[in-house]
Structures are given as C-alpha cells and as structure tokens.
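**Q** Enclosed is the structure file upload36.cif (mmCIF, C-alpha atoms).
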data_target
#
loop_
_atom_site.label_atom_id
_atom_site.label_comp_id
_atom_site.auth_asym_id
_atom_site.auth_seq_id
_atom_site.Cartn_x
_atom_site.Cartn_y
_atom_site.Cartn_z
CA MET C 1 76.34 114.06 112.68
CA LYS C 2 77.29 111.39 110.10
CA VAL C 3 80.23 108.99 110.32
CA PHE C 4 81.89 107.59 107.17
CA LEU C 5 84.50 104.87 106.74
CA VAL C 6 87.06 106.30 104.31
CA GLY C 7 90.21 105.71 102.32
CA GLY C 8 92.32 102.59 102.39
CA ALA C 9 89.77 100.41 104.17
CA ILE C 10 87.27 100.94 101.33
CA ARG C 11 89.94 100.37 98.70
CA ASP C 12 91.24 97.16 100.26
CA LYS C 13 87.72 95.88 100.88
CA LYS C 14 86.93 96.25 97.17
CA LEU C 15 90.20 94.49 96.30
CA ASN C 16 89.43 91.64 98.73
CA LEU C 17 92.60 92.44 100.66
CA PRO C 18 93.03 92.28 104.45
CA ILE C 19 92.04 95.48 106.25
CA TYR C 20 94.53 96.41 108.97
CA ASP C 21 93.53 100.00 109.71
CA ARG C 22 90.25 101.83 109.52
CA ASP C 23 89.94 105.61 109.28
CA TRP C 24 86.75 107.56 109.75
CA VAL C 25 85.49 111.01 108.75
CA ILE C 26 82.73 112.76 110.68
CA GLU C 27 80.45 115.20 108.89
CA GLY C 28 78.43 117.81 110.76
CA ALA C 29 80.25 117.87 114.11
CA THR C 30 82.52 120.13 116.16
CA PRO C 31 85.60 119.29 118.24
CA GLU C 32 83.67 120.13 121.42
CA GLU C 33 80.97 117.58 120.57
CA LEU C 34 83.54 114.81 120.04
CA ILE C 35 85.42 115.63 123.24
CA THR C 36 82.12 115.51 125.10
CA LYS C 37 81.55 112.02 123.70
CA GLY C 38 84.90 110.87 125.07
CA PHE C 39 87.10 111.22 121.99
CA GLN C 40 90.73 112.23 122.56
CA GLN C 41 92.01 114.99 120.29
CA VAL C 42 95.34 114.39 118.56
CA GLY C 43 97.19 117.68 118.34
CA LYS C 44 95.87 121.12 119.20
CA ASP C 45 94.90 122.60 115.84
CA PHE C 46 94.22 119.51 113.74
CA PRO C 47 90.74 117.90 113.74
CA VAL C 48 91.78 114.27 114.33
CA PHE C 49 90.54 112.30 117.32
CA LEU C 50 91.06 108.85 118.80
CA HIS C 51 88.03 106.78 119.73
CA ASN C 52 88.00 106.09 123.46
CA GLU C 53 87.49 102.33 122.96
CA SER C 54 88.72 101.25 119.50
CA HIS C 55 91.51 103.90 119.38
CA GLU C 56 90.82 104.25 115.66
CA GLU C 57 91.24 107.69 114.08
CA TYR C 58 88.22 109.89 113.51
CA ALA C 59 88.71 113.16 111.63
CA LEU C 60 86.28 116.01 111.13
CA ALA C 61 85.46 116.62 107.48
CA ARG C 62 87.84 119.33 106.37
CA THR C 63 89.25 121.29 103.47
CA GLU C 64 92.79 122.57 102.98
CA HIS C 65 94.31 125.65 101.43
CA LYS C 66 97.92 125.77 100.23
CA LEU C 67 99.96 128.68 101.53
CA GLY C 68 103.58 127.55 101.89
CA HIS C 69 105.94 124.95 100.49
CA GLY C 70 106.11 121.24 101.13
CA TYR C 71 103.54 118.92 102.63
CA THR C 72 103.12 121.07 105.77
CA GLY C 73 102.34 124.36 104.03
CA PHE C 74 98.56 124.10 104.42
CA ILE C 75 95.82 125.85 106.34
CA THR C 76 93.08 123.44 107.39
CA TYR C 77 89.45 124.47 107.60
CA PHE C 78 86.93 122.32 109.45
CA SER C 79 83.35 123.09 110.24
CA PRO C 80 80.02 121.22 110.52
CA ASP C 81 79.12 122.54 107.07
CA VAL C 82 82.06 120.79 105.30
CA THR C 83 80.71 117.79 103.36
CA ILE C 84 82.25 114.36 102.86
CA GLU C 85 82.62 115.14 99.13
CA GLN C 86 84.64 118.26 99.94
CA ASP C 87 86.79 116.22 102.29
CA LEU C 88 87.46 113.49 99.73
CA ILE C 89 88.57 115.87 96.97
CA ARG C 90 91.69 116.80 98.96
CA ARG C 91 92.95 113.20 98.92
CA ASP C 92 95.72 111.93 96.68
CA LEU C 93 94.39 109.13 94.44
CA THR C 94 90.85 108.34 93.38
CA ILE C 95 91.10 104.80 94.79
CA ASN C 96 91.78 106.40 98.18
CA ALA C 97 88.96 108.96 97.82
CA MET C 98 85.98 106.72 98.46
CA ALA C 99 83.81 106.53 101.56
CA GLU C 100 81.09 104.32 102.94
CA SER C 101 78.08 105.54 104.90
CA PRO C 102 76.82 103.73 108.01
CA ASN C 103 74.19 101.91 105.91
CA GLY C 104 76.85 100.64 103.47
CA THR C 105 76.23 103.13 100.66
CA LEU C 106 79.38 103.87 98.62
CA ILE C 107 80.31 107.53 98.33
CA ASP C 108 82.46 107.78 95.20
CA PRO C 109 82.27 111.25 93.63
CA TYR C 110 85.60 111.03 91.77
CA GLY C 111 85.49 107.65 90.03
CA GLY C 112 87.58 105.66 92.47
CA LEU C 113 85.69 102.39 91.92
CA GLN C 114 86.06 102.65 88.14
CA ASP C 115 89.80 103.30 88.47
CA LEU C 116 90.01 100.42 90.92
CA ASN C 117 88.38 98.11 88.38
CA ASN C 118 90.63 99.45 85.61
CA LYS C 119 93.69 99.15 87.89
CA VAL C 120 94.60 102.81 87.45
CA LEU C 121 96.29 105.10 89.98
CA ARG C 122 94.95 108.55 89.15
CA HIS C 123 95.08 111.84 91.04
CA VAL C 124 91.77 113.16 92.36
CA SER C 125 92.29 116.81 91.43
CA GLU C 126 94.89 119.47 90.71
CA ALA C 127 95.31 119.74 94.47
CA PHE C 128 97.57 116.69 94.10
CA ARG C 129 100.40 118.96 93.00
CA GLU C 130 100.30 120.93 96.25
CA ASP C 131 101.74 118.08 98.31
CA PRO C 132 105.14 116.70 97.14
CA LEU C 133 104.77 113.67 99.39
CA ARG C 134 102.13 112.42 96.95
CA VAL C 135 104.79 111.77 94.34
CA LEU C 136 106.31 109.18 96.66
CA ARG C 137 102.92 107.84 97.70
CA ALA C 138 101.85 107.31 94.08
CA ALA C 139 105.07 105.42 93.38
CA ARG C 140 104.62 103.38 96.56
CA PHE C 141 101.06 102.40 95.71
CA ALA C 142 102.24 101.40 92.23
CA ALA C 143 104.81 99.11 93.85
CA ARG C 144 102.31 97.78 96.37
CA PHE C 145 99.67 96.88 93.79
CA ALA C 146 101.92 96.01 90.85
CA HIS C 147 101.20 92.30 91.29
CA LEU C 148 97.52 93.12 90.71
CA GLY C 149 98.34 94.96 87.48
CA PHE C 150 97.99 98.57 88.67
CA HIS C 151 99.76 101.42 86.88
CA ILE C 152 99.97 105.19 87.21
CA ALA C 153 97.72 107.12 84.81
CA PRO C 154 99.72 109.04 82.17
CA GLU C 155 98.20 112.37 83.23
CA THR C 156 99.19 111.70 86.83
CA MET C 157 102.74 110.88 85.81
CA GLU C 158 102.89 114.13 83.85
CA LEU C 159 101.70 115.99 86.94
CA MET C 160 104.38 114.27 89.02
CA LYS C 161 107.04 115.37 86.50
CA GLN C 162 105.76 118.94 86.64
CA MET C 163 105.99 118.90 90.43
CA ILE C 164 109.66 117.95 90.12
CA THR C 165 110.23 120.76 87.62
CA ASP C 166 108.57 123.20 90.03
CA ASN C 167 111.05 122.11 92.77
CA GLU C 168 108.21 121.25 95.14
CA ILE C 169 109.87 117.90 95.88
CA ASN C 170 112.85 119.72 97.42
CA HIS C 171 110.78 120.64 100.45
CA LEU C 172 110.24 117.08 101.66
CA THR C 173 111.79 116.30 105.03
CA PRO C 174 114.28 113.42 105.37
CA GLU C 175 111.96 111.62 107.77
CA ARG C 176 109.07 111.61 105.28
CA ILE C 177 111.32 110.46 102.44
CA TRP C 178 112.54 107.49 104.48
CA CYS C 179 109.06 106.70 105.81
CA GLU C 180 107.65 106.28 102.29
CA THR C 181 110.78 104.50 101.05
CA LYS C 182 110.65 102.07 103.97
CA LYS C 183 107.02 101.27 103.18
CA ALA C 184 107.92 100.78 99.51
CA LEU C 185 110.73 98.40 100.45
CA LYS C 186 108.14 96.23 102.22
CA THR C 187 106.06 95.73 99.07
CA GLN C 188 106.17 92.74 96.74
CA ASN C 189 107.80 94.81 93.99
CA PRO C 190 109.93 97.52 95.63
CA GLN C 191 111.94 98.02 92.43
CA ILE C 192 108.92 99.67 90.81
CA TYR C 193 108.95 102.45 93.41
CA PHE C 194 112.52 103.43 92.53
CA GLN C 195 111.92 103.07 88.79
CA LEU C 196 108.90 105.38 88.92
CA LEU C 197 110.79 107.94 91.00
CA ARG C 198 113.45 107.89 88.31
CA ASP C 199 110.85 108.18 85.53
CA CYS C 200 109.40 111.35 87.02
CA GLY C 201 112.78 112.83 87.99
CA ALA C 202 112.44 112.54 91.78
CA LEU C 203 115.16 109.91 92.22
CA ALA C 204 117.92 112.26 91.08
CA ILE C 205 116.89 114.76 93.74
CA LEU C 206 115.99 112.49 96.66
CA LEU C 207 118.34 109.53 96.14
CA PRO C 208 121.08 110.75 93.77
CA GLU C 209 123.52 108.01 94.82
CA ILE C 210 121.14 105.44 93.32
CA ASP C 211 120.18 107.58 90.34
CA ASN C 212 123.85 108.00 89.40
CA LEU C 213 124.10 104.25 88.77
CA PHE C 214 121.94 104.61 85.67
CA GLY C 215 123.92 105.12 82.50
CA ILE C 216 126.99 103.36 83.91
CA SER C 217 127.76 100.17 82.02
CA MET C 218 129.59 97.39 83.80
CA CYS C 219 131.04 94.44 81.95
CA LYS C 220 131.75 91.38 84.05
CA LYS C 221 133.99 88.69 82.68
CA LEU C 222 131.33 86.00 82.53
CA TYR C 223 128.28 88.24 82.20
CA PRO C 224 126.94 90.57 79.52
CA THR C 225 127.37 94.32 79.79
CA ILE C 226 124.54 95.81 81.84
CA ASP C 227 123.46 99.24 83.02
CA MET C 228 124.22 99.31 86.74
CA GLY C 229 121.03 101.15 87.61
CA ILE C 230 118.96 98.51 85.87
CA HIS C 231 121.08 95.83 87.55
CA ALA C 232 120.33 97.34 90.98
CA LEU C 233 116.58 97.18 90.34
CA ILE C 234 116.71 93.65 88.93
CA SER C 235 118.73 92.49 91.94
CA LEU C 236 116.23 94.16 94.28
CA GLU C 237 113.39 92.42 92.49
CA ILE C 238 115.14 89.06 92.88
CA VAL C 239 115.96 89.45 96.57
CA ALA C 240 112.41 90.67 97.31
CA LYS C 241 111.18 87.25 96.24
CA ILE C 242 113.55 85.63 98.75
CA THR C 243 113.12 87.72 101.89
CA GLU C 244 110.94 90.45 103.38
CA GLU C 245 113.80 91.85 105.48
CA ILE C 246 114.10 95.57 104.75
CA ASP C 247 117.79 95.75 105.63
CA VAL C 248 118.58 92.98 103.12
CA ARG C 249 116.51 94.65 100.41
CA PHE C 250 118.11 98.05 101.00
CA ALA C 251 121.61 96.57 101.06
CA THR C 252 120.92 94.82 97.77
CA LEU C 253 119.79 98.06 96.15
CA THR C 254 122.92 99.90 97.30
CA CYS C 255 125.55 97.16 97.17
CA ASN C 256 127.17 98.45 93.97
CA LEU C 257 127.19 102.18 94.65
CA SER C 258 130.96 102.07 94.16
CA ASN C 259 130.30 101.88 90.42
CA SER C 260 129.07 105.49 90.55
CA LEU C 261 132.29 106.74 92.13
CA PRO C 262 133.66 108.03 88.81
CA HIS C 263 130.66 110.38 88.70
CA TYR C 264 131.57 111.92 92.06
CA GLN C 265 135.26 112.12 91.21
CA TYR C 266 134.43 113.85 87.93
CA CYS C 267 131.97 116.31 89.47
CA LEU C 268 134.06 116.96 92.56
CA PRO C 269 137.71 116.44 91.51
CA HIS C 270 139.05 118.13 94.65
CA HIS C 271 137.44 115.27 96.62
CA LYS C 272 138.86 112.57 94.39
CA ASN C 273 140.07 110.41 97.26
CA LYS C 274 137.25 111.24 99.63
CA TYR C 275 134.54 109.02 98.25
CA SER C 276 134.28 105.27 98.59
CA GLU C 277 131.46 102.78 98.35
CA VAL C 278 131.02 103.00 102.12
CA SER C 279 131.07 106.80 102.22
CA LEU C 280 128.34 106.93 99.57
CA ILE C 281 126.22 104.68 101.76
CA GLU C 282 126.90 107.00 104.70
CA MET C 283 125.94 110.07 102.66
CA LEU C 284 122.67 108.51 101.59
CA CYS C 285 121.75 107.11 105.01
CA HIS C 286 122.67 110.27 106.89
CA ARG C 287 120.72 112.53 104.56
CA ILE C 288 117.39 110.72 104.85
CA ARG C 289 117.86 109.47 108.43
CA ILE C 290 118.05 105.73 107.73
CA PRO C 291 118.35 103.75 111.01
CA ASN C 292 121.75 102.36 112.02
CA SER C 293 120.52 98.78 111.92
CA ILE C 294 119.82 99.13 108.22
CA ARG C 295 122.82 101.22 107.24
CA GLU C 296 125.32 98.91 108.98
CA LEU C 297 124.40 95.91 106.84
CA ALA C 298 124.44 98.09 103.71
CA LYS C 299 127.95 99.34 104.53
CA ILE C 300 129.28 95.82 105.12
CA VAL C 301 127.75 94.48 101.92
CA SER C 302 128.95 97.45 99.88
CA LYS C 303 132.49 96.90 101.12
CA TYR C 304 132.71 93.14 100.65
CA ASN C 305 130.13 92.21 98.01
CA ASN C 306 132.56 92.21 95.08
CA LEU C 307 135.02 90.20 97.14
CA LEU C 308 132.55 87.33 97.15
CA ASN C 309 132.78 87.01 93.36
CA ASN C 310 136.08 85.17 93.77
CA ILE C 311 135.58 83.81 97.27
CA GLU C 312 137.10 80.43 96.38
CA ILE C 313 140.57 81.89 95.76
CA LEU C 314 140.77 84.02 98.89
CA GLU C 315 143.54 83.21 101.33
CA PRO C 316 142.51 81.99 104.83
CA GLU C 317 143.54 85.32 106.34
CA MET C 318 141.18 87.22 104.05
CA LEU C 319 138.36 84.83 104.83
CA LEU C 320 138.93 85.43 108.52
CA ILE C 321 138.93 89.21 107.99
CA LEU C 322 135.59 88.86 106.22
CA PHE C 323 134.07 86.85 109.06
CA ASN C 324 135.39 89.28 111.65
CA SER C 325 134.08 92.28 109.70
CA ILE C 326 130.56 90.95 109.53
CA ASP C 327 130.82 89.92 113.20
CA VAL C 328 129.65 86.44 112.33
CA TRP C 329 130.49 85.23 115.83
CA ARG C 330 127.76 87.28 117.47
CA LYS C 331 125.55 87.77 114.42
CA PRO C 332 125.58 84.54 112.40
CA LYS C 333 122.42 85.70 110.63
CA ARG C 334 124.52 88.22 108.72
CA LEU C 335 126.32 85.45 106.87
CA GLU C 336 123.04 84.29 105.33
CA GLN C 337 122.09 87.88 104.61
CA ILE C 338 125.22 88.67 102.62
CA ILE C 339 124.85 85.35 100.78
CA MET C 340 121.27 86.26 99.79
CA ILE C 341 122.37 89.69 98.61
CA HIS C 342 125.37 88.47 96.64
CA LYS C 343 123.30 85.74 95.02
CA ALA C 344 120.70 88.30 93.92
CA CYS C 345 123.45 90.51 92.48
CA ILE C 346 124.98 87.62 90.54
CA PHE C 347 121.62 86.57 89.14
CA GLY C 348 120.86 90.21 88.41
CA TYR C 349 123.48 90.29 85.68
CA THR C 350 121.54 87.78 83.60
CA ASN C 351 118.12 88.11 85.29
CA THR C 352 117.91 84.35 85.70
CA LYS C 353 117.65 81.89 88.57
CA ASP C 354 118.99 78.96 86.57
CA LYS C 355 122.66 79.64 87.26
CA ILE C 356 124.71 77.63 89.71
CA TYR C 357 125.65 79.66 92.78
CA SER C 358 128.53 78.03 94.63
CA GLN C 359 129.77 80.96 96.72
CA GLY C 360 127.07 80.47 99.34
CA SER C 361 127.96 76.84 100.00
CA TYR C 362 131.63 77.77 100.13
CA LEU C 363 131.09 80.47 102.74
CA ARG C 364 128.84 78.29 104.87
CA SER C 365 131.41 75.48 104.80
CA ALA C 366 134.26 77.81 105.76
CA TYR C 367 132.24 79.20 108.64
CA LYS C 368 131.37 75.72 109.84
CA ILE C 369 135.07 74.82 109.98
CA ILE C 370 136.02 77.69 112.29
CA GLN C 371 132.77 77.46 114.22
CA ASN C 372 133.94 74.09 115.53
CA ILE C 373 136.92 75.70 117.23
CA SER C 374 136.06 76.29 120.88
CA VAL C 375 137.12 79.37 122.82
CA ARG C 376 136.61 77.38 126.00
CA ALA C 377 139.17 74.81 124.85
CA VAL C 378 141.73 77.58 124.36
CA ILE C 379 141.08 78.97 127.84
CA ASP C 380 141.18 75.52 129.42
CA GLU C 381 144.64 74.99 127.92
CA GLY C 382 145.96 77.91 129.98
CA PHE C 383 145.90 80.82 127.54
CA LYS C 384 145.09 84.17 129.16
CA GLY C 385 144.35 87.78 128.18
CA GLN C 386 145.46 88.73 124.67
CA GLN C 387 146.95 85.26 124.24
CA ILE C 388 143.43 83.88 123.90
CA SER C 389 142.56 85.92 120.80
CA LYS C 390 145.99 85.28 119.23
CA GLU C 391 145.73 81.54 119.76
CA LEU C 392 142.14 81.50 118.53
CA ARG C 393 143.20 83.33 115.38
CA ARG C 394 146.06 80.90 114.83
CA ARG C 395 143.72 77.94 115.12
CA HIS C 396 141.17 79.53 112.81
CA LEU C 397 143.80 80.14 110.12
CA SER C 398 145.24 76.65 110.54
CA ALA C 399 141.81 75.05 110.20
CA LEU C 400 140.92 77.14 107.16
CA SER C 401 144.26 76.35 105.51
CA GLN C 402 143.75 72.63 106.02
CA TRP C 403 140.18 72.84 104.79
CA LYS C 404 141.18 74.71 101.64
CA HIS C 405 143.91 72.15 100.98
CA ASP C 406 141.45 69.30 101.40
CA ILE C 407 138.78 70.70 99.08
CA SER C 408 141.44 71.66 96.53
CA SER C 409 142.82 68.14 96.41
CA LYS C 410 139.29 66.76 96.01
CA ASN C 411 138.43 69.41 93.39
CA ILE C 412 135.37 70.57 95.36
CA TYR C 413 133.79 73.90 94.41
#
Would you mind writing the structure in this file as structure tokens?
**A**
Amino acid sequence: MKVFLVGGAIRDKKLNLPIYDRDWVIEGATPEELITKGFQQVGKDFPVFLHNESHEEYALARTEHKLGHGYTGFITYFSPDVTIEQDLIRRDLTINAMAESPNGTLIDPYGGLQDLNNKVLRHVSEAFREDPLRVLRAARFAARFAHLGFHIAPETMELMKQMITDNEINHLTPERIWCETKKALKTQNPQIYFQLLRDCGALAILLPEIDNLFGISMCKKLYPTIDMGIHALISLEIVAKITEEIDVRFATLTCNLSNSLPHYQYCLPHHKNKYSEVSLIEMLCHRIRIPNSIRELAKIVSKYNNLLNNIEILEPEMLLILFNSIDVWRKPKRLEQIIMIHKACIFGYTNTKDKIYSQGSYLRSAYKIIQNISVRAVIDEGFKGQQISKELRRRHLSALSQWKHDISSKNIY
C-alpha cells in the first residue's frame, strides 16, 4: 500500500502559496483494509475515506467511465491494481494532476510542473470533456491565479467551447453552478471568471441575465458610451479591490441588470410589464439557488443604484424611503455596502479611480442627521403606538429638510 499527496496541495506548494487542504490517494489497498485501520468511509459506493485523527480525505486510486450526462454520469472503478498514474489522468488540469510520494518524489506524468512554470491551465486528457463542471473550474482557476499571470491554453478553451456546443453544460445542477461561482467571487479577479464563461459560451446558458448585458450600449450624460456587459465586469474588478464580501461583489455585478430589460421585452412581448430589475435578480438567484442573504442586497442595489446618481437633488421624503428600504436602522452596514457598489459603478464608466465621488459623503451625512434623532425621546414625550412612528418620521423629514437647506446655502456638495 502506497500513500500519495495529490492535487491542490502539490500545486500550491510549488507556487509557494498557503496550503489549506490536503488530499491523499492510496494505491494498492481495499476499502476493507482502510476500515480495519480505522478510516471512516464517506458514502457507500465511493472510495473516499476520512482519516480517524487528521480527518483529511483519503481516496483509493480509481478510474472512471462515462455513461450518462452531467458530472454525475460516471461509473467508478477502484481496485488495488489501479495505479496513481491512472488515477491522475482523470483529473481536470495538469497543474492539479501531480502527486508526491512519501519520500518526496514528484509524480508528474502529464506535464503539470512545466505548465505550472509556464503559467498555463491545460486539460489533462480528452476525459476533460466528460465533466461539464470542469468548464467552470477552469474559469475559476483562471480567476484565482490571474494575478500570477496564468491563462487557459488555447486547446483547452476550444474544448470548453465544444462542450457548450454539445450541450453538456446544460446538465449542471444549480447547486454546483452556484458553488463554483461563489468560489470565483472570492478570488482576486472574479471578473475573469465571468469573461471566460462568456468567451466559451457558457455564460449565455448558465447566467443569461448577465450575458444579455453585453452588446447593450449605455450613454451617461457625463460619461462615454460603454457596453454594459463590459461595464459590469469593470465595476466588479474595481469593487473586488475594495472588499472581499461576496454579497457586495455579486450585487455590483448585477446592479444594472435593468439595462437588459429591452431584451426580455423584445423576446417575450406578452410579458412586457412583467420584468423589472428586481425580477431579473429574482430569476437569476432562484434558478441557481443563491442564498437569501446575498440576493437581498442585490435586489436593493438593483432597485436604488441609479437613484444614487443624483442623490443630492432628492427630496427629504425620498431620502427617507431609501434609508427605510435598506433598513439602515437595524443594518447600518448596508449603507456602506451600497456606497461601495455605487462608487465602483461610477468609476466603471471611465475605469478610473481619479474621479471625485461625493455621493458617499452626502449619504453618510444625511444618515448622521437622522441618526441623532432618538426614539426614546419621542416615547418620553408621551407618544404611543402608531403615533411614535408618525412623529419619528416627521422629525426625520424636518431634520433632513433643515440639513438640505443648510448645505444648499453654504454650497456644500
């Protein structure tokens, strides 16, 4: 029995990156032998086991044979006679198809180290095309390692395109689509993931609401005309440099979906009044099972993002509606989130950080004014029941009106 360290741990070790997870492959063993040694089997028919002390995953060397559609349509064969080289050939990319023996010897039958040095993401074999999830994984690794200069090999991109043509991508489950997308959103350059999915044709199938932004030109009064799909990716790139929060990044990517509404109204004229920027967010989030915590921020931003363009001229009542809608009283963090997103969108029109962004300071100042109004003071003055909320609203509007008058007379903002 031989035990090999495999996959991402080898790759990240060679790249001098932190190693968070270690996976192992065992050659020359049976499930019964591992169970006898105290390993816990994960699943009934799949040869993966958890170590009784480290809880790291150990898998028996195995091969796979494609029978059905999607990433689950495989029959797995495992036996003591399956070699580590046979196990590695079933993996997705050459940089993930390396192993290390107990004495430190590198097992690299498919040129993973060379591709690692050349910063190339290349498929190991034609078996790549049998698993549609690998299209998303290749795009995700490209986003993850973009800052190191990695790119997808042309022949691998061609294979990804062919997989889309063969409709294999249609068999991915919503959960797997979101799982890979969530991981991509955590990378330093999440925009590359979406761009590569568009390049190979997967974006139009998996995330059509985002794909439909491409080809739509939007001309803002003070900004040059820009393709809204490109703008979405530029804005995502900008906000990714500001925050690692996935909900903020996703909301930035989807904040201008309303610009694709003409597409839906043209394709589905009998639903002309059905679609809105919020309903497009709902369609997208529902289809790939995006958690409520992420979709709620995206819906709020999609509804109010354009309103922030002219925040300085909004009446006090509209400002108060905005604050109530984002529930700033219980979730003050949301105010900073929508400011980050709107700022990224504004800078996305010119792809520059040198512009002056006054809307954020304006919103913070307005919130500070009404934040100083105490609910306790209203109650202590004898207001009860619904009178409390009415009086609080009156005081909020009065304070905002006075504040707007003061900054107008001083020509602030």
**Q** Which residues are near segment 199-207 of chain C? Cut-off 12 Å, all atoms listed in the file, ignore same chain within fewer than 6 positions. Put them as number ranges by chain.
**A** C: 132-136, 138-139, 152, 154-178, 180-181, 192-193, 213-214, 229, 253-254, 257, 280-281, 283-288
**Q** Between atom CA of Thr30 of chain C and atom CA of Ser79 of chain C, measure the distance and give it in Å to one decimal.
**A** 6.7 Å
**Q** Neighbours of His123 of chain C within 8 Å (all atoms listed in the file; same-chain residues fewer than 4 positions away dropped), as a list in words?
**A**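 Using all atoms listed in the file, the neighbours found are Asp92, Leu93, Thr94, Phe128 and Thr156 of chain C.
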**Q** Given the choices C:Gln191, C:Gln86, C:Asn324, C:Gln337, which gets closest to Arg393 of chain C if the distance is worked out from only C-alpha atoms?
**A**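 Comparing C:Gln191, C:Gln86, C:Asn324, C:Gln337 against Arg393 of chain C, the winner is C:Asn324.
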**Q** State, in Å with one decimal place, the distance from atom CA of Asn259 of chain C to atom CA of Lys182 of chain C.
**A**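 Going from atom CA of Asn259 of chain C over to atom CA of Lys182 of chain C, I get 23.9 Å.
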**Q** Using all atoms listed in the file, which of C:Tyr357, C:Phe347, C:Phe323, C:Phe49 sits nearest Ile234 of chain C?
**A** C:Phe347
**Q** What gap, in Å, lies between atom CA of Pro47 of chain C and atom CA of Leu60 of chain C?
**A**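 Interatomic distance here is 5.5 Å.
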**Q** With the PyMOL selection byres ((chain C and resi 248) around 12) as the selection, what would be picked from this file? Answer as a PyMOL selection string, please.
**A** chain C and resi 185-186+235-247+249-255+293-302+333-345
**Q** Can you translate the PyMOL selection byres ((chain C and resi 85) around 12) into the concrete residues it hits in this file, as a ChimeraX atom specification?
**A** /C:4,6,25-27,61-63,81-84,86-91,97-100,106-110,124
**Q** Around all the atoms of segment 230-246 of chain C listed in the file, with 8 Å of room on each side, what axis-aligned box do you get, giving centre and edge lengths in Å to one decimal, as AutoDock Vina command-line options?
**A**
--center_x 116.0 --center_y 92.1 --center_z 95.7 --size_x 26.1 --size_y 28.9 --size_z 35.6
**Q** Could you check which of C:Gly43, C:Pro18, C:Pro190, C:Pro102 is closest to Phe141 of chain C, using all atoms listed in the file?
**A**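 Smallest separation from Phe141 of chain C among the options: C:Pro190.
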**Q** For a quick check of understanding, using only C-alpha atoms, which of C:Glu126, C:Asp23, C:Asp327, C:Asp131 has the smallest distance to Val48 of chain C?
**A**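 So, comparing all the options, the nearest one is C:Asp23.
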**Q** Just say which residues the PyMOL selection byres ((chain C and resi 404) around 12) picks in this file, as JSON, numbers by chain.
**A** {"C": [311, 312, 313, 314, 315, 316, 317, 319, 362, 363, 365, 366, 369, 397, 398, 399, 400, 401, 402, 403, 405, 406, 407, 408, 409, 410, 411, 412, 413]}
**Q** From the options C:Thr105, C:Glu64, C:Val278, C:Leu121, which residue's atoms come nearest to Thr76 of chain C, counting only C-alpha atoms?
**A**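 Among the listed residues, C:Glu64 lies closest to Thr76 of chain C.
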**Q** Here is a test: counting all atoms listed in the file, which residue of C:Pro31, C:Glu391, C:Gln359, C:Lys44 is nearest to Ser374 of chain C?
**A**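 Answer, going by the shortest atom-to-atom distance: C:Glu391.
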**Q** Can I get segment 237-252 of chain C with N, CA and C atoms filled in, as a CSV table (one decimal), in the coordinates of the input?
**A**
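To be explicit, this is the file written out as out_23.csv:
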chain,number,residue,atom,x,y,z
C,237,GLU,N,114.6,93.2,92.8
C,237,GLU,CA,113.4,92.4,92.5
C,237,GLU,C,113.6,90.9,92.9
C,238,ILE,N,114.8,90.5,92.6
C,238,ILE,CA,115.1,89.1,92.9
C,238,ILE,C,115.2,88.8,94.4
C,239,VAL,N,115.8,89.7,95.1
C,239,VAL,CA,116.0,89.4,96.6
C,239,VAL,C,114.6,89.6,97.3
C,240,ALA,N,113.7,90.5,96.7
C,240,ALA,CA,112.4,90.7,97.3
C,240,ALA,C,111.6,89.4,97.3
C,241,LYS,N,111.9,88.5,96.3
C,241,LYS,CA,111.2,87.2,96.2
C,241,LYS,C,111.7,86.2,97.2
C,242,ILE,N,112.9,86.5,97.8
C,242,ILE,CA,113.6,85.6,98.8
C,242,ILE,C,113.3,86.0,100.2
C,243,THR,N,113.3,87.3,100.5
C,243,THR,CA,113.1,87.7,101.9
C,243,THR,C,112.3,89.0,102.0
C,244,GLU,N,111.7,89.2,103.1
C,244,GLU,CA,110.9,90.4,103.4
C,244,GLU,C,111.8,91.4,104.3
C,245,GLU,N,113.0,91.0,104.6
C,245,GLU,CA,113.8,91.8,105.5
C,245,GLU,C,114.2,93.1,104.8
C,246,ILE,N,113.8,94.3,105.4
C,246,ILE,CA,114.1,95.6,104.8
C,246,ILE,C,115.6,95.8,104.6
C,247,ASP,N,116.4,95.5,105.7
C,247,ASP,CA,117.8,95.8,105.6
C,247,ASP,C,118.5,95.0,104.5
C,248,VAL,N,118.0,93.8,104.2
C,248,VAL,CA,118.6,93.0,103.1
C,248,VAL,C,118.2,93.6,101.8
C,249,ARG,N,117.0,94.0,101.7
C,249,ARG,CA,116.5,94.6,100.4
C,249,ARG,C,117.3,96.0,100.1
C,250,PHE,N,117.4,96.8,101.2
C,250,PHE,CA,118.1,98.0,101.0
C,250,PHE,C,119.6,97.8,100.7
C,251,ALA,N,120.2,96.9,101.3
C,251,ALA,CA,121.6,96.6,101.1
C,251,ALA,C,121.8,96.0,99.6
C,252,THR,N,120.8,95.3,99.1
C,252,THR,CA,120.9,94.8,97.8
C,252,THR,C,120.8,96.0,96.8
